[in-house]
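Shown next: final.cif, containing mmCIF, C-alpha atoms.
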```cif
data_input
loop_
_atom_site.label_atom_id
_atom_site.label_comp_id
_atom_site.auth_asym_id
_atom_site.auth_seq_id
_atom_site.Cartn_x
_atom_site.Cartn_y
_atom_site.Cartn_z
CA MET A 2 12.94 15.89 118.78
CA LYS A 3 15.00 12.68 119.07
CA LEU A 4 17.69 14.55 121.02
CA PHE A 5 15.06 15.79 123.46
CA ARG A 6 13.73 12.23 123.99
CA ARG A 7 17.23 10.86 124.62
CA ARG A 8 17.99 13.55 127.19
CA PHE A 9 14.61 13.02 128.83
CA LEU A 10 15.25 9.27 129.06
CA LEU A 11 18.73 9.83 130.51
CA VAL A 12 17.34 12.17 133.16
CA LEU A 13 14.57 9.70 133.94
CA VAL A 14 17.05 6.84 134.35
CA ALA A 15 19.29 8.99 136.56
CA VAL A 16 16.36 9.95 138.82
CA ALA A 17 15.28 6.30 139.07
CA CYS A 18 18.82 5.27 140.07
CA LEU A 19 18.96 7.98 142.74
CA PHE A 20 15.54 6.94 144.04
CA LEU A 21 16.60 3.30 144.32
CA ALA A 22 19.86 4.23 146.02
CA GLY A 23 17.98 6.50 148.43
CA ASN A 24 15.50 3.73 149.31
CA HIS A 25 18.41 1.41 149.96
CA LEU A 26 19.79 3.87 152.53
CA ILE A 27 16.41 4.93 153.97
CA PHE A 28 15.24 1.44 154.84
CA GLY A 29 18.40 0.69 156.81
CA GLN A 30 19.90 -1.82 154.45
CA SER A 31 23.63 -1.55 154.74
CA PRO A 32 25.86 -2.60 151.90
CA PRO A 33 27.54 -5.97 152.46
CA LYS A 34 30.85 -5.85 154.28
CA THR A 35 33.73 -6.19 151.89
CA LYS A 36 36.74 -8.22 152.87
CA ASN A 37 40.06 -6.43 152.61
CA LEU A 38 42.83 -8.29 150.84
CA TRP A 39 46.03 -8.37 152.89
CA LYS A 40 49.32 -9.06 151.12
CA SER A 41 52.48 -10.43 152.70
CA VAL A 42 55.20 -7.93 153.60
CA PRO A 43 58.43 -8.93 151.86
CA PHE A 44 61.71 -8.56 153.75
CA ALA A 45 60.10 -8.02 157.16
CA ILE A 46 61.84 -9.11 160.35
CA VAL A 47 59.97 -10.23 163.48
CA HIS A 48 61.48 -10.97 166.89
CA TYR A 49 59.60 -12.23 169.93
CA ASN A 50 61.66 -11.80 173.10
CA GLU A 51 64.89 -11.28 171.12
CA ASP A 52 64.37 -14.53 169.18
CA ALA A 53 62.80 -15.18 165.78
CA PRO A 54 59.51 -17.10 166.09
CA LYS A 55 59.34 -20.39 164.21
CA SER A 56 56.03 -19.53 162.50
CA TRP A 57 55.00 -15.99 161.56
CA ASP A 58 53.93 -13.80 158.66
CA LEU A 59 53.28 -10.08 158.37
CA TYR A 60 50.58 -8.60 156.11
CA TYR A 61 49.62 -5.11 154.92
CA SER A 62 46.45 -3.72 153.35
CA SER A 63 45.44 -0.55 151.56
CA LYS A 64 45.21 1.33 154.88
CA ARG A 65 48.63 2.79 155.65
CA GLY A 66 50.01 2.19 159.13
CA VAL A 67 47.94 -0.93 159.83
CA LEU A 68 49.59 -4.36 159.82
CA LEU A 69 48.30 -7.84 160.51
CA LEU A 70 50.73 -10.26 162.15
CA ARG A 71 50.28 -14.02 162.28
CA LEU A 72 52.35 -15.22 165.19
CA TRP A 73 52.04 -19.01 165.48
CA LYS A 74 48.24 -19.52 165.55
CA ARG A 75 47.51 -16.02 166.88
CA TYR A 76 46.62 -12.98 164.73
CA LEU A 77 47.42 -9.45 165.88
CA LEU A 78 46.09 -6.30 164.22
CA ILE A 79 48.71 -3.57 164.76
CA ASP A 80 47.60 0.03 164.27
CA ARG A 81 50.72 2.18 164.19
CA ASN A 82 48.68 5.38 163.84
CA ALA A 83 46.74 4.84 167.10
CA GLN A 84 49.55 2.83 168.77
CA GLN A 85 47.18 -0.05 169.52
CA VAL A 86 47.26 -3.82 169.12
CA PHE A 87 44.16 -6.02 168.82
CA ASP A 88 43.78 -9.79 169.12
CA ILE A 89 41.92 -11.13 166.08
CA ASP A 90 39.79 -14.28 166.05
CA PRO A 91 41.49 -16.70 163.59
CA GLU A 92 38.02 -17.84 162.44
CA LYS A 93 37.49 -14.42 160.80
CA ILE A 94 40.62 -14.81 158.63
CA VAL A 95 40.29 -16.38 155.18
CA THR A 96 43.51 -17.62 153.55
CA LYS A 97 43.83 -17.14 149.78
CA GLY A 98 47.19 -18.56 148.73
CA ASP A 99 49.90 -16.24 150.07
CA ASP A 100 47.34 -13.52 150.84
CA ILE A 101 44.55 -13.38 153.40
CA GLU A 102 41.15 -11.70 153.62
CA TYR A 103 40.02 -9.84 156.73
CA SER A 104 37.59 -6.96 157.07
CA LEU A 105 38.71 -3.98 159.16
CA GLU A 106 35.05 -3.40 160.12
CA GLU A 107 35.31 -6.57 162.25
CA ASN A 108 37.96 -4.88 164.40
CA PRO A 109 37.55 -5.83 168.08
CA VAL A 110 36.65 -3.02 170.46
CA GLN A 111 39.07 -3.83 173.28
CA PRO A 112 42.79 -3.36 172.47
CA ALA A 113 45.41 -5.59 174.03
CA ASP A 114 47.29 -4.31 177.07
CA ILE A 115 50.65 -3.08 175.75
CA SER A 116 53.39 -0.80 177.02
CA ASP A 117 56.80 0.55 175.93
CA TRP A 118 55.65 1.47 172.40
CA ARG A 119 58.74 2.61 170.47
CA GLU A 120 59.10 3.38 166.78
CA ARG A 121 62.19 4.58 164.99
CA ASP A 122 64.01 4.32 161.69
CA VAL A 123 67.01 2.00 161.64
CA GLY A 124 68.81 2.48 158.33
CA ASN A 125 66.45 1.27 155.61
CA LEU A 126 64.00 -0.21 158.13
CA ARG A 127 61.22 1.12 160.35
CA ARG A 128 61.40 -0.60 163.73
CA LEU A 129 58.41 -1.03 166.04
CA ARG A 130 58.89 -2.50 169.48
CA PHE A 131 56.33 -2.93 172.25
CA ARG A 132 55.73 -5.05 175.33
CA PHE A 133 52.62 -7.05 176.22
CA GLY A 134 51.49 -5.72 179.61
CA GLU A 135 53.85 -4.01 182.04
CA LYS A 136 56.35 -6.86 182.42
CA GLY A 137 55.35 -9.18 179.57
CA ASN A 138 57.06 -10.32 176.39
CA TYR A 139 58.52 -8.00 173.77
CA LEU A 140 57.53 -7.97 170.11
CA ASP A 141 59.91 -6.35 167.63
CA ILE A 142 58.81 -5.77 164.01
CA GLN A 143 61.03 -4.28 161.30
CA THR A 144 59.57 -3.28 157.92
CA PRO A 145 61.44 -1.86 154.91
CA LEU A 146 61.38 1.86 154.03
CA LYS A 147 61.30 3.49 150.60
CA ALA A 148 64.56 4.93 149.23
CA ASN A 149 63.49 8.43 150.36
CA GLY A 150 62.96 7.19 153.94
CA THR A 151 59.15 7.13 154.01
CA PRO A 152 57.30 3.99 155.16
CA LEU A 153 56.09 1.50 152.58
CA TYR A 154 53.28 0.16 154.77
#
```
With the file now loaded, output its structure as structure tokens.
Amino acid sequence: MKLFRRRFLLVLVAVACLFLAGNHLIFGQSPPKTKNLWKSVPFAIVHYNEDAPKSWDLYYSSKRGVLLLRLWKRYLLIDRNAQQVFDIDPEKIVTKGDDIEYSLEENPVQPADISDWRERDVGNLRRLRFRFGEKGNYLDIQTPLKANGTPLY
């Protein structure tokens, strides 16, 4: 009889949890946006118009193919998969030591105007090069590859 009561209570608790979760979704309450933690890319190389910028840092998150570049006071979200670049509002970035927090759900709708998107492997590096606008400045980013030649980020 005790075993039956325990099972009944477990089923009752499970149904109550499902009911509460269902009400949460039914009444339009969305779960709070979680901030993604972005870590610095070690051994990356960045060139802006064939010259190294004085202040920059490159970050990666859990989503493969998406990088976040801090170039002076400007933040660029670079989506290698879709070949798009987005300007990010620096107010939405939270610095935590060497890492930063930024939510991908806050991604701006309008991508930056870029052209001449080129990606290729150069030895142990993956090189991405694109131009802002038709005749604008070049940005060249090189990130390390794994030993088997697949991208790390």
### Message
Can you pull out the residues contacting segment 55-71 of chain A? Cut-off 8 Å, using all atoms listed in the file, and skip same-chain residues under 2 positions away; I want them as a PyMOL selection string.
### Response
chain A and resi 37-42+45+47+53+73-82+100+154
#### Entry: Residues matched by the PyMOL selection byres ((chain A and resi 137) around 12) as number ranges by chain
A: 49-50, 113-117, 131-136, 138-140
### Message
One decimal, in Å: what's the spacing between atom CA of Leu153 of chain A and atom CA of Asp99 of chain A?
### Response
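That distance, rounded to one decimal, is 19.0 Å.
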### Task
Point out the residue among A:Leu72, A:Ile142, A:Leu105, A:Val110 with the least atom-to-atom distance to Phe87 of chain A, counting only C-alpha atoms.
A:Val110
### Message
Under the rule that only C-alpha atoms are counted, which of A:Gln84, A:Ser104, A:Asn149, A:Gln143 is the nearest residue to Leu129 of chain A?
### Response
A:Gln143
### Query
Quick one, how far is atom CA of Arg127 of chain A from atom CA of Leu146 of chain A?
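We find that atom CA of Arg127 of chain A and atom CA of Leu146 of chain A lie 6.4 Å from each other.
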So that I can see what lies close to Ala148 of chain A, please list as a compact mmCIF listing (two decimals) with C-alpha atoms, in the coordinates of the input the residues with an atom at most 12 Å from it, counting only C-alpha atoms and leaving out residues fewer than 6 positions away in the same chain.
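Result written to out-v2.txt:
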```
# COMPACT_ATOMS: atom_id res chain seq x y z
CA GLY A 124 68.81 2.48 158.33
CA ASN A 125 66.45 1.27 155.61
CA LEU A 126 64.00 -0.21 158.13
```
### Task
Go through A:His48, A:Lys147, A:Lys93, A:Arg128 one by one, measure the shortest atom-to-atom distance of each to Pro109 of chain A using all atoms listed in the file, and give the residue with the smallest value.
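The shortest atom-to-atom distance to Pro109 of chain A comes from A:Lys93.
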#### Entry: Atomic separation - atom CA of Pro152 of chain A relative to atom CA of Glu106 of chain A, Å
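One can read the atom CA of Glu106 of chain A to atom CA of Pro152 of chain A distance as 24.0 Å.
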